[in-house]
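Below is query_32.cif, which holds mmCIF, C-alpha atoms.
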```cif
data_my_file
loop_
_atom_site.label_atom_id
_atom_site.label_comp_id
_atom_site.auth_asym_id
_atom_site.auth_seq_id
_atom_site.Cartn_x
_atom_site.Cartn_y
_atom_site.Cartn_z
CA MET A 1 -12.07 23.65 -18.79
CA SER A 2 -14.88 22.48 -16.50
CA ASP A 3 -14.89 23.53 -12.86
CA THR A 4 -14.16 19.97 -11.73
CA LYS A 5 -11.28 19.55 -14.14
CA GLY A 6 -9.87 22.89 -13.04
CA LEU A 7 -10.17 21.84 -9.41
CA LEU A 8 -8.47 18.53 -10.14
CA ASN A 9 -5.54 20.30 -11.81
CA GLU A 10 -5.29 22.84 -9.01
CA ARG A 11 -5.12 20.06 -6.44
CA LEU A 12 -2.62 18.03 -8.42
CA ILE A 13 -0.29 21.02 -8.67
CA ARG A 14 -0.70 21.66 -4.92
CA ILE A 15 0.21 18.10 -4.03
CA GLU A 16 2.98 17.82 -6.61
CA LYS A 17 4.67 20.93 -5.22
CA ALA A 18 4.51 19.59 -1.68
CA ILE A 19 5.97 16.24 -2.80
CA ASN A 20 8.76 18.15 -4.58
CA LEU A 21 9.50 19.87 -1.23
CA GLU A 22 8.27 23.20 -2.56
CA LYS A 23 5.66 25.60 -1.20
CA PRO A 24 2.26 25.20 -2.86
CA ASP A 25 -0.42 27.93 -2.70
CA ARG A 26 -1.61 26.36 0.55
CA ILE A 27 -1.11 23.21 2.61
CA PRO A 28 -2.70 20.27 0.78
CA ILE A 29 -5.11 18.03 2.68
CA PHE A 30 -4.92 14.30 2.11
CA ALA A 31 -7.61 11.69 2.86
CA LEU A 32 -5.95 8.84 4.72
CA ASN A 33 -8.91 6.53 5.08
CA SER A 34 -10.23 3.20 4.01
CA PRO A 35 -13.34 3.33 1.80
CA GLU A 36 -15.52 1.79 4.52
CA VAL A 37 -15.68 5.17 6.28
CA ALA A 38 -17.37 6.73 3.24
CA ILE A 39 -20.02 4.01 3.28
CA ASP A 40 -20.68 4.65 6.98
CA TYR A 41 -20.66 8.41 6.42
CA CYS A 42 -23.37 8.10 3.76
CA GLY A 43 -25.48 5.87 6.02
CA ARG A 44 -25.18 2.84 3.76
CA HIS A 45 -24.69 -0.77 4.86
CA LEU A 46 -21.12 -2.01 4.59
CA LYS A 47 -22.10 -5.60 3.91
CA THR A 48 -24.22 -4.53 0.95
CA ALA A 49 -21.49 -2.23 -0.34
CA THR A 50 -18.83 -4.92 -0.28
CA TRP A 51 -20.97 -7.06 -2.55
CA ASN A 52 -22.35 -4.20 -4.63
CA LEU A 53 -19.58 -1.74 -5.44
CA GLU A 54 -22.11 0.70 -6.90
CA VAL A 55 -22.81 1.72 -3.28
CA LEU A 56 -19.13 2.59 -2.85
CA ARG A 57 -19.11 4.41 -6.18
CA GLU A 58 -21.93 6.62 -4.90
CA SER A 59 -20.53 7.13 -1.38
CA LEU A 60 -16.84 7.83 -1.89
CA PRO A 61 -17.14 11.08 -3.90
CA ILE A 62 -19.61 12.44 -1.34
CA TYR A 63 -17.15 11.76 1.48
CA TYR A 64 -14.22 13.34 -0.37
CA ARG A 65 -16.32 16.35 -1.35
CA ASP A 66 -17.62 16.95 2.18
CA MET A 67 -14.18 16.48 3.76
CA LYS A 68 -12.71 18.94 1.22
CA VAL A 69 -9.63 16.86 0.58
CA ASP A 70 -7.02 17.56 -2.09
CA GLY A 71 -5.99 13.97 -2.72
CA ALA A 72 -6.57 10.36 -1.75
CA LEU A 73 -5.05 6.88 -1.93
CA SER A 74 -6.36 4.57 -4.63
CA THR A 75 -9.43 2.76 -3.35
CA PHE A 76 -8.51 -0.43 -1.55
CA LEU A 77 -11.50 -2.47 -0.40
CA ARG A 78 -11.26 -6.12 0.49
CA CYS A 79 -14.54 -7.62 -0.65
CA PRO A 80 -15.72 -10.75 1.19
CA GLY A 81 -16.88 -12.31 -2.10
CA ILE A 82 -13.36 -12.49 -3.43
CA TYR A 83 -11.92 -14.00 -0.27
CA THR A 84 -14.68 -16.35 0.87
CA THR A 85 -15.05 -18.04 -2.53
CA ILE A 86 -11.39 -19.09 -2.42
CA GLY A 87 -11.60 -20.25 1.20
CA SER A 88 -9.43 -17.52 2.71
CA GLN A 89 -8.13 -17.95 6.24
CA ASN A 90 -5.96 -14.81 6.22
CA PHE A 91 -8.78 -12.34 5.49
CA VAL A 92 -12.17 -13.10 6.98
CA PRO A 93 -15.26 -10.88 7.21
CA ASN A 94 -16.79 -9.95 10.57
CA LYS A 95 -20.54 -9.73 11.10
CA ASP A 96 -21.04 -6.45 9.25
CA GLY A 97 -18.70 -7.23 6.36
CA PHE A 98 -15.51 -5.55 7.58
CA MET A 99 -12.51 -7.73 6.78
CA GLN A 100 -10.28 -8.92 9.62
CA HIS A 101 -6.73 -10.21 9.32
CA PRO A 102 -6.09 -12.91 11.93
CA GLU A 103 -2.62 -14.08 12.91
CA VAL A 104 -1.87 -16.77 10.33
CA CYS A 105 1.13 -18.83 9.34
CA GLY A 106 1.41 -19.76 5.68
CA MET A 107 4.93 -21.18 5.64
CA LEU A 108 6.65 -23.58 8.01
CA GLU A 109 10.10 -22.97 9.46
CA SER A 110 11.29 -26.07 7.61
CA GLU A 111 10.35 -24.49 4.27
CA TYR A 112 12.82 -21.59 4.38
CA GLU A 113 15.29 -23.39 2.12
CA GLU A 114 12.62 -23.92 -0.54
CA LEU A 115 11.55 -20.27 -0.32
CA ILE A 116 15.13 -19.11 -0.75
CA LYS A 117 15.69 -21.42 -3.72
CA ASP A 118 12.49 -20.55 -5.62
CA PRO A 119 10.30 -18.04 -3.79
CA PHE A 120 7.55 -17.84 -6.39
CA LYS A 121 7.17 -21.60 -6.58
CA THR A 122 7.02 -21.86 -2.78
CA LEU A 123 4.36 -19.15 -2.56
CA VAL A 124 2.26 -21.04 -5.10
CA GLU A 125 2.91 -24.58 -3.87
CA LYS A 126 3.04 -24.12 -0.11
CA VAL A 127 1.67 -20.78 1.04
CA LEU A 128 -1.39 -20.23 -1.15
CA PRO A 129 -3.03 -23.62 -0.41
CA ARG A 130 -2.64 -23.02 3.33
CA GLN A 131 -4.06 -19.51 3.22
CA TYR A 132 -6.73 -20.28 0.62
CA LYS A 133 -8.29 -23.68 1.17
CA ALA A 134 -10.12 -23.72 -2.19
CA PHE A 135 -6.74 -23.95 -3.95
CA ASP A 136 -5.95 -27.10 -2.03
CA GLN A 137 -8.69 -29.17 -3.64
CA PRO A 138 -7.69 -32.40 -5.39
CA GLY A 139 -7.53 -32.82 -9.14
CA MET A 140 -8.46 -29.96 -11.38
CA LEU A 141 -10.71 -28.27 -8.83
CA GLY A 142 -7.82 -26.44 -7.11
CA GLY A 143 -6.64 -25.07 -10.46
CA LEU A 144 -10.17 -24.10 -11.40
CA ASN A 145 -10.56 -22.21 -8.12
CA LEU A 146 -7.25 -20.41 -8.71
CA ALA A 147 -8.53 -19.29 -12.13
CA LYS A 148 -11.84 -18.22 -10.60
CA GLY A 149 -10.02 -16.19 -7.96
CA ALA A 150 -7.72 -14.55 -10.52
CA LEU A 151 -10.60 -13.55 -12.77
CA SER A 152 -12.66 -12.11 -9.93
CA HIS A 153 -9.59 -10.30 -8.60
CA GLN A 154 -8.98 -8.77 -12.02
CA ARG A 155 -12.60 -7.67 -12.37
CA HIS A 156 -12.69 -6.27 -8.85
CA SER A 157 -9.44 -4.32 -9.35
CA ARG A 158 -10.79 -2.85 -12.59
CA MET A 159 -13.97 -1.73 -10.80
CA LEU A 160 -12.00 -0.07 -8.00
CA ARG A 161 -9.84 1.82 -10.51
CA GLU A 162 -13.03 2.94 -12.24
CA ILE A 163 -14.28 4.28 -8.88
CA ASP A 164 -11.00 6.22 -8.53
CA SER A 165 -11.54 7.78 -11.95
CA HIS A 166 -15.15 8.55 -11.01
CA CYS A 167 -13.98 10.41 -7.87
CA SER A 168 -11.51 12.45 -9.92
CA ALA A 169 -14.08 13.24 -12.59
CA THR A 170 -16.98 14.15 -10.29
CA VAL A 171 -15.40 15.90 -7.30
CA GLY A 172 -11.91 16.71 -8.61
CA VAL A 173 -9.95 14.53 -6.17
CA PRO A 174 -6.68 13.21 -7.61
CA ILE A 175 -5.52 9.74 -6.63
CA ILE A 176 -1.92 10.03 -5.55
CA SER A 177 -0.96 6.39 -5.02
CA GLU A 178 -1.49 3.72 -7.61
CA ASN A 179 -0.47 0.47 -6.02
CA MET A 180 0.79 -1.04 -2.81
CA ILE A 181 3.81 -3.20 -2.10
CA GLN A 182 5.59 -4.32 1.06
CA ALA A 183 9.12 -4.42 2.37
CA PRO A 184 10.52 -7.98 2.00
CA PHE A 185 10.69 -8.50 5.78
CA ASP A 186 7.05 -7.41 6.23
CA PHE A 187 5.98 -9.71 3.41
CA LEU A 188 7.80 -12.59 5.06
CA ALA A 189 6.41 -11.78 8.50
CA ASP A 190 2.79 -10.89 7.78
CA GLN A 191 1.39 -13.98 6.10
CA LEU A 192 4.25 -16.37 5.56
CA ARG A 193 5.75 -16.82 9.01
CA SER A 194 3.29 -14.76 11.16
CA PHE A 195 4.18 -12.31 13.90
CA ILE A 196 5.01 -15.06 16.38
CA GLY A 197 6.86 -17.21 13.83
CA ILE A 198 9.17 -14.47 12.59
CA SER A 199 9.91 -13.37 16.15
CA VAL A 200 11.19 -16.88 16.91
CA ASP A 201 13.00 -17.24 13.55
CA MET A 202 15.14 -14.14 14.15
CA HIS A 203 16.66 -16.05 17.09
CA ARG A 204 16.61 -19.62 15.78
CA CYS A 205 17.59 -19.18 12.14
CA PRO A 206 18.72 -15.58 11.53
CA GLU A 207 20.69 -16.42 8.37
CA LEU A 208 17.64 -17.98 6.76
CA VAL A 209 15.55 -14.88 7.56
CA GLU A 210 18.16 -12.68 5.88
CA GLN A 211 18.35 -14.96 2.85
CA ALA A 212 14.55 -15.13 2.59
CA CYS A 213 14.32 -11.32 2.48
CA GLU A 214 16.95 -11.30 -0.27
CA ALA A 215 15.03 -13.98 -2.20
CA LEU A 216 11.74 -12.06 -1.95
CA TYR A 217 13.28 -8.72 -2.92
CA PRO A 218 13.19 -9.18 -6.74
CA LEU A 219 9.54 -10.27 -6.63
CA LEU A 220 8.48 -7.20 -4.68
CA LEU A 221 10.54 -4.87 -6.86
CA ARG A 222 9.06 -6.34 -10.01
CA TRP A 223 5.54 -6.17 -8.60
CA GLY A 224 6.03 -2.53 -7.66
CA VAL A 225 7.13 -1.63 -11.14
CA THR A 226 4.87 -3.79 -13.28
CA SER A 227 1.64 -3.04 -11.45
CA TYR A 228 2.22 0.65 -12.13
CA SER A 229 0.84 1.61 -15.51
CA GLY A 230 3.04 3.62 -17.84
CA ALA A 231 6.49 5.09 -17.40
CA PRO A 232 7.69 6.11 -13.91
CA LYS A 233 6.40 9.45 -12.76
CA ARG A 234 6.27 11.36 -9.49
CA ILE A 235 2.51 10.99 -8.97
CA PRO A 236 0.85 8.60 -8.32
CA ALA A 237 3.31 7.24 -5.79
CA ILE A 238 3.91 3.60 -4.88
CA PHE A 239 2.40 3.08 -1.42
CA MET A 240 4.28 0.97 1.12
CA PRO A 241 2.93 0.41 4.66
CA LEU A 242 5.72 -0.50 7.12
CA HIS A 243 4.45 -2.99 9.67
CA MET A 244 7.16 -4.65 11.71
CA PRO A 245 9.92 -2.12 12.54
CA SER A 246 8.34 -0.86 15.75
CA PHE A 247 8.37 -4.44 17.05
CA LEU A 248 12.08 -4.94 16.27
CA ASN A 249 14.99 -3.98 18.48
CA PRO A 250 17.71 -1.80 16.89
CA LYS A 251 19.97 -4.74 16.02
CA GLN A 252 17.12 -6.71 14.46
CA PHE A 253 15.99 -3.68 12.47
CA GLU A 254 19.46 -3.07 11.15
CA ARG A 255 20.13 -6.68 10.30
CA PHE A 256 16.81 -7.97 9.00
CA TYR A 257 14.64 -5.05 7.92
CA TRP A 258 16.76 -2.19 6.70
CA PRO A 259 18.98 -3.78 3.99
CA THR A 260 16.29 -5.02 1.59
CA PHE A 261 13.79 -2.30 2.54
CA SER A 262 16.18 0.58 1.85
CA ARG A 263 17.41 -1.06 -1.35
CA LEU A 264 13.82 -1.47 -2.56
CA VAL A 265 12.94 2.16 -1.83
CA ASN A 266 16.17 3.55 -3.27
CA THR A 267 15.87 1.42 -6.41
CA LEU A 268 12.29 2.56 -7.04
CA THR A 269 13.04 6.24 -6.41
CA GLY A 270 16.19 5.90 -8.52
CA MET A 271 13.99 4.70 -11.40
CA GLY A 272 11.87 7.85 -11.12
CA TYR A 273 8.99 6.71 -8.89
CA THR A 274 7.85 8.35 -5.70
CA VAL A 275 7.47 5.96 -2.77
CA ALA A 276 4.93 6.85 -0.07
CA LEU A 277 5.91 5.13 3.18
CA PHE A 278 3.22 4.68 5.82
CA ILE A 279 5.53 4.76 8.83
CA GLU A 280 3.56 2.76 11.38
CA GLY A 281 4.41 2.95 15.06
CA ASN A 282 6.98 5.26 16.58
CA TRP A 283 10.18 5.61 14.53
CA SER A 284 11.68 8.43 16.58
CA LYS A 285 14.88 6.41 17.18
CA ARG A 286 15.16 5.62 13.46
CA TYR A 287 14.89 9.04 11.85
CA ASP A 288 18.58 8.92 10.90
CA TYR A 289 17.91 5.80 8.86
CA LEU A 290 14.99 7.47 7.10
CA ALA A 291 17.12 10.56 6.47
CA SER A 292 19.63 8.41 4.60
CA LEU A 293 17.04 7.32 1.99
CA LYS A 294 17.44 8.95 -1.40
CA PRO A 295 14.98 11.73 -2.36
CA ASN A 296 11.48 11.23 -3.80
CA VAL A 297 10.05 9.69 -0.66
CA VAL A 298 6.87 10.73 1.12
CA GLY A 299 6.70 9.83 4.82
CA ILE A 300 3.26 9.38 6.37
CA PHE A 301 3.95 9.31 10.10
CA GLU A 302 1.67 7.64 12.61
CA TYR A 303 3.40 8.97 15.73
CA GLY A 304 6.28 11.23 16.73
CA GLU A 305 6.87 14.91 17.40
CA MET A 306 6.14 16.87 14.25
CA LYS A 307 8.79 19.44 15.13
CA THR A 308 11.51 16.76 15.35
CA ILE A 309 10.27 14.96 12.23
CA LYS A 310 10.41 18.19 10.26
CA GLU A 311 13.88 19.09 11.56
CA LYS A 312 15.38 15.68 10.93
CA LEU A 313 13.66 14.72 7.68
CA GLY A 314 12.05 17.81 6.16
CA LYS A 315 14.96 18.50 3.83
CA THR A 316 14.75 15.15 2.05
CA MET A 317 11.23 13.85 2.54
CA CYS A 318 7.72 15.25 2.09
CA ILE A 319 6.10 14.97 5.52
CA MET A 320 2.53 13.80 6.10
CA GLY A 321 0.38 12.34 8.85
CA ASN A 322 0.75 12.56 12.59
CA TYR A 323 -2.64 14.15 13.36
CA PRO A 324 -4.07 12.02 16.22
CA ILE A 325 -7.50 10.74 15.18
CA GLY A 326 -8.30 9.92 18.82
CA ALA A 327 -8.88 13.65 19.28
CA LEU A 328 -11.85 13.45 16.90
CA LYS A 329 -13.45 11.07 19.35
CA SER A 330 -12.64 12.57 22.72
CA GLN A 331 -11.88 16.28 22.35
CA SER A 332 -13.90 19.38 21.56
CA THR A 333 -13.90 20.89 18.08
CA GLU A 334 -11.81 23.80 19.37
CA ALA A 335 -9.24 21.42 20.86
CA CYS A 336 -9.12 19.45 17.58
CA ILE A 337 -8.44 22.69 15.70
CA ASP A 338 -5.75 23.71 18.20
CA LEU A 339 -3.98 20.41 17.56
CA ALA A 340 -4.09 21.05 13.81
CA LYS A 341 -2.74 24.56 14.34
CA LYS A 342 0.23 23.22 16.32
CA MET A 343 0.87 20.58 13.70
CA ILE A 344 0.89 22.94 10.75
CA ASP A 345 2.95 25.50 12.67
CA GLU A 346 5.62 22.82 13.08
CA GLY A 347 5.28 20.90 9.82
CA ALA A 348 4.37 23.43 7.15
CA PRO A 349 7.18 26.05 7.21
CA GLY A 350 9.21 25.91 4.02
CA GLY A 351 6.76 23.61 2.19
CA GLY A 352 7.11 19.87 1.64
CA TYR A 353 4.19 19.18 3.94
CA ILE A 354 0.74 17.63 3.46
CA PHE A 355 -1.86 17.61 6.22
CA THR A 356 -3.40 14.26 7.09
CA THR A 357 -4.17 11.97 10.00
CA GLY A 358 -1.63 9.69 11.65
CA LYS A 359 -3.81 6.64 11.21
CA SER A 360 -6.07 5.56 8.41
CA ILE A 361 -9.69 6.29 9.35
CA LEU A 362 -11.38 2.92 8.96
CA ARG A 363 -14.99 3.50 9.99
CA GLY A 364 -17.39 6.37 10.48
CA THR A 365 -18.62 5.05 13.79
CA GLY A 366 -16.87 6.24 16.95
CA LEU A 367 -15.26 9.33 15.41
CA ASP A 368 -16.96 12.68 14.95
CA LEU A 369 -16.37 13.41 11.28
CA GLU A 370 -17.85 16.90 11.64
CA LYS A 371 -14.77 17.70 13.72
CA LEU A 372 -12.56 16.44 10.90
CA GLN A 373 -14.44 18.74 8.52
CA ALA A 374 -13.84 21.67 10.92
CA VAL A 375 -10.13 20.78 11.13
CA HIS A 376 -9.84 20.62 7.34
CA GLN A 377 -11.65 23.94 6.99
CA TYR A 378 -9.15 25.45 9.43
CA VAL A 379 -6.25 24.16 7.31
CA ILE A 380 -7.87 25.60 4.18
CA ASP A 381 -8.44 29.00 5.84
CA HIS A 382 -5.11 29.28 7.64
CA GLY A 383 -2.76 27.11 5.60
CA LYS A 384 -1.88 29.58 2.87
CA TYR A 385 1.80 30.17 2.15
CA MET B 386 15.55 -4.78 -13.46
CA GLU B 387 16.36 -8.07 -11.81
CA THR B 388 14.66 -11.06 -13.38
CA ILE B 389 12.87 -13.64 -11.31
CA LYS B 390 14.15 -17.14 -11.75
CA SER B 391 11.47 -19.66 -11.01
CA GLU B 392 10.50 -23.07 -12.23
CA TYR B 393 6.96 -21.71 -12.40
CA LEU B 394 7.80 -18.60 -14.43
CA ASP B 395 10.05 -18.02 -17.46
CA TYR B 396 7.79 -20.15 -19.64
CA PHE B 397 9.39 -19.08 -22.90
CA GLU B 398 12.89 -19.78 -21.65
CA SER B 399 12.04 -23.33 -20.63
CA TYR B 400 10.09 -23.90 -23.87
CA ALA B 401 12.99 -22.59 -25.93
CA ALA B 402 15.38 -24.93 -24.12
CA ARG B 403 13.40 -27.87 -25.49
CA HIS B 404 13.18 -26.35 -28.99
CA PRO B 405 16.66 -25.33 -30.12
CA GLU B 406 15.30 -24.35 -33.55
CA LEU B 407 13.89 -21.18 -31.95
CA THR B 408 16.10 -18.14 -32.49
CA GLN B 409 16.79 -14.95 -30.60
CA GLU B 410 14.33 -13.21 -32.93
CA ASP B 411 11.61 -15.63 -31.89
CA ALA B 412 12.45 -14.87 -28.29
CA ALA B 413 12.09 -11.15 -28.91
CA ILE B 414 8.65 -11.68 -30.43
CA MET B 415 7.37 -14.27 -27.99
CA ALA B 416 8.90 -13.25 -24.70
CA ASP B 417 6.94 -10.03 -24.26
CA PRO B 418 3.45 -11.54 -24.17
CA TRP B 419 4.64 -14.25 -21.82
CA ASP B 420 6.38 -11.75 -19.56
CA LEU B 421 3.23 -9.69 -19.45
CA ASN B 422 1.16 -12.69 -18.43
CA GLU B 423 3.72 -13.75 -15.87
CA ASP B 424 3.72 -10.29 -14.33
CA MET B 425 -0.05 -10.47 -14.00
CA ILE B 426 0.22 -13.87 -12.35
CA LEU B 427 2.96 -12.61 -10.03
CA ALA B 428 0.80 -9.61 -9.09
CA TYR B 429 -2.18 -11.86 -8.36
CA VAL B 430 -0.21 -14.27 -6.18
CA LEU B 431 1.48 -11.47 -4.19
CA SER B 432 -1.76 -9.53 -3.80
CA LEU B 433 -3.32 -12.54 -2.05
CA LEU B 434 -0.55 -12.41 0.53
CA ILE B 435 -0.49 -8.71 1.39
#
```

Let me see the file written as structure tokens.
Amino acid sequence: MSDTKGLLNERLIRIEKAINLEKPDRIPIFALNSPEVAIDYCGRHLKTATWNLEVLRESLPIYYRDMKVDGALSTFLRCPGIYTTIGSQNFVPNKDGFMQHPEVCGMLESEYEELIKDPFKTLVEKVLPRQYKAFDQPGMLGGLNLAKGALSHQRHSRMLREIDSHCSATVGVPIISENMIQAPFDFLADQLRSFIGISVDMHRCPELVEQACEALYPLLLRWGVTSYSGAPKRIPAIFMPLHMPSFLNPKQFERFYWPTFSRLVNTLTGMGYTVALFIEGNWSKRYDYLASLKPNVVGIFEYGEMKTIKEKLGKTMCIMGNYPIGALKSQSTEACIDLAKKMIDEGAPGGGYIFTTGKSILRGTGLDLEKLQAVHQYVIDHGKY
Amino acid sequence: METIKSEYLDYFESYAARHPELTQEDAAIMADPWDLNEDMILAYVLSLLI
């Protein structure tokens, strides 16, 4: 077995044990970052890289190798080419090619009934043409643009998966999430009704919001399952970022978010998948909800006290995240290492713990990545069980 | 798994409704490729909105 293949296997076993709530040989280190940071780290131009994925193919393994990580998310890069050619208004590039997501509304309040009756048809008929102006062209042109977009999306996805394989083959980094889905409420809020729209809807038409989440649920479940190749297995996990809960009050969370979200997670884990939740915001008042989810869940926490998270959830959920990336900008290397020490002292005992940052590192500018390297080296040296 | 009922999906089902000569065996042969395509279309549409 080659050294790289041996390293890949060693890392997979390390991560698999942590996900199974066991003690691996040492604490695994996970790269929670978007691929743009690797391009910055290698001194390449983002705008060029987003049009020429060969630049990303060269940069990403270097970043993973230098950061000494044991695993990563599948590469997810929004390329301007894909979005601008179909007239996107929901994802637009800034000056250097980084994609921004403005507040957009793709569905009117008056269209709830249609969404509930036939969600897929409403997404195609109403939402897509608003979010992607090229689909709204008269005659055959709209259809042609839809086909163009689908073909370029397919090609782009294939290239990103090839980059994942390249990272595994060259630097022995396993990819531990294969696809991404959303909770029905987040899907409804993010690009259908918008942050402002959904906030109003919960007061004006609460029953329709509930029914819309129920209507979207089968689509998201099916997408989660069918975009995962092969039979269900523990790794790679299905990645699910949770956007809205920290903006909901307890009653709203319980009524609108939790029912379809928990059913989606429990159904997927019940089928044999692992679901990796990126728990955005502070969920400290909702740990009891998370504790009631069935096993086979990984929780990547943005905020919260690691000690409390471990106490409340460590028996049922593999714990990740929580390391404050702001420290890499403003604190000394020693202080950054001290923070890591505290975190692993609280999170690692008993296993079921993977070290990573609380936020996804988006860019190489502004943060001192040498400090992240020093932190990771500390975890490698002192994280043995 | 729950099926998705949509006027814009379930192509085989709606085709079969207009062609009663098709049998269950035909459905078993033809439904899979259509389901596969529909799942790809579903994935594309949802991926544009996430």

Up to 7 Å from (-12.2, 15.0, 5.1) in the file's coordinates: name the residues, counting only C-alpha atoms, as a VMD selection string. chain A and resid 31 63 to 64 66 to 69 372 to 373 376

Apply the PyMOL selection byres ((chain B) within 12 of (chain A)) to the structure shown and report the selected residues as a ChimeraX atom specification. /B:386-395,420-435

Using all atoms listed in the file, which of the listed residues (A:Arg263, A:Arg65, A:Lys17, A:Arg26) sits closest to A:Lys384?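 Nearest to A:Lys384: A:Arg26.
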
With only C-alpha atoms as the counted atoms, please give the residues lying no more than 10 Å from A:Glu311, apart from itself and same-chain residues fewer than 5 positions off, as an MDAnalysis selection string. chainID A and resid 306 346:347

Using Å and a single decimal, report how far atom CA of A:Ser74 sits from atom CA of A:Ala49.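 Computing it gives 17.1 Å between the two atoms.
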
Selection dump of the PyMOL selection byres ((chain A and resi 234) around 8), as a list of chain:residue names: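 On this input, the PyMOL selection byres ((chain A and resi 234) around 8) captures A:Glu16, A:Pro232, A:Lys233, A:Ile235, A:Pro236, A:Ala237, A:Gly272, A:Tyr273, A:Thr274, A:Asn296.
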
Step by step, work through what the PyMOL selection byres ((chain A and resi 317-331) around 9) selects in the shown file, and finish by giving those residues as a VMD selection string. chain A and resid 18 to 21 30 32 278 290 to 291 293 to 306 309 to 310 313 to 316 332 to 336 339 to 340 343 347 to 348 351 to 361 366 to 372

Looking at all atoms listed in the file, which of A:Val173, A:Ile86, A:Ala276, A:Ile13 is the one that sits closest to A:Asp136?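 Nearest candidate to A:Asp136 out of A:Val173, A:Ile86, A:Ala276, A:Ile13: A:Ile86.
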
Check the smallest atom-to-atom distance from each of A:Leu362, A:Ala183, A:Val379, A:Leu53 to A:Gly81 using all atoms listed in the file, then report the winner.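 Smallest distance to A:Gly81 is found for A:Leu53.
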
Please report the interatomic distance between atom CA of A:Leu208 and atom CA of A:Glu113 in Å with one decimal.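 Separation of atom CA of A:Leu208 and atom CA of A:Glu113: 7.5 Å.
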
I'd like to know which of A:Ala72, A:Ala134, A:Leu77, A:Cys213 is closest to A:Gln89, using all atoms listed in the file.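 Result for the nearest residue to A:Gln89: A:Ala134.
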
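The gap separating atom CA of A:Glu178 from atom CA of A:Thr269 is 14.8 Å, in Å to one decimal.
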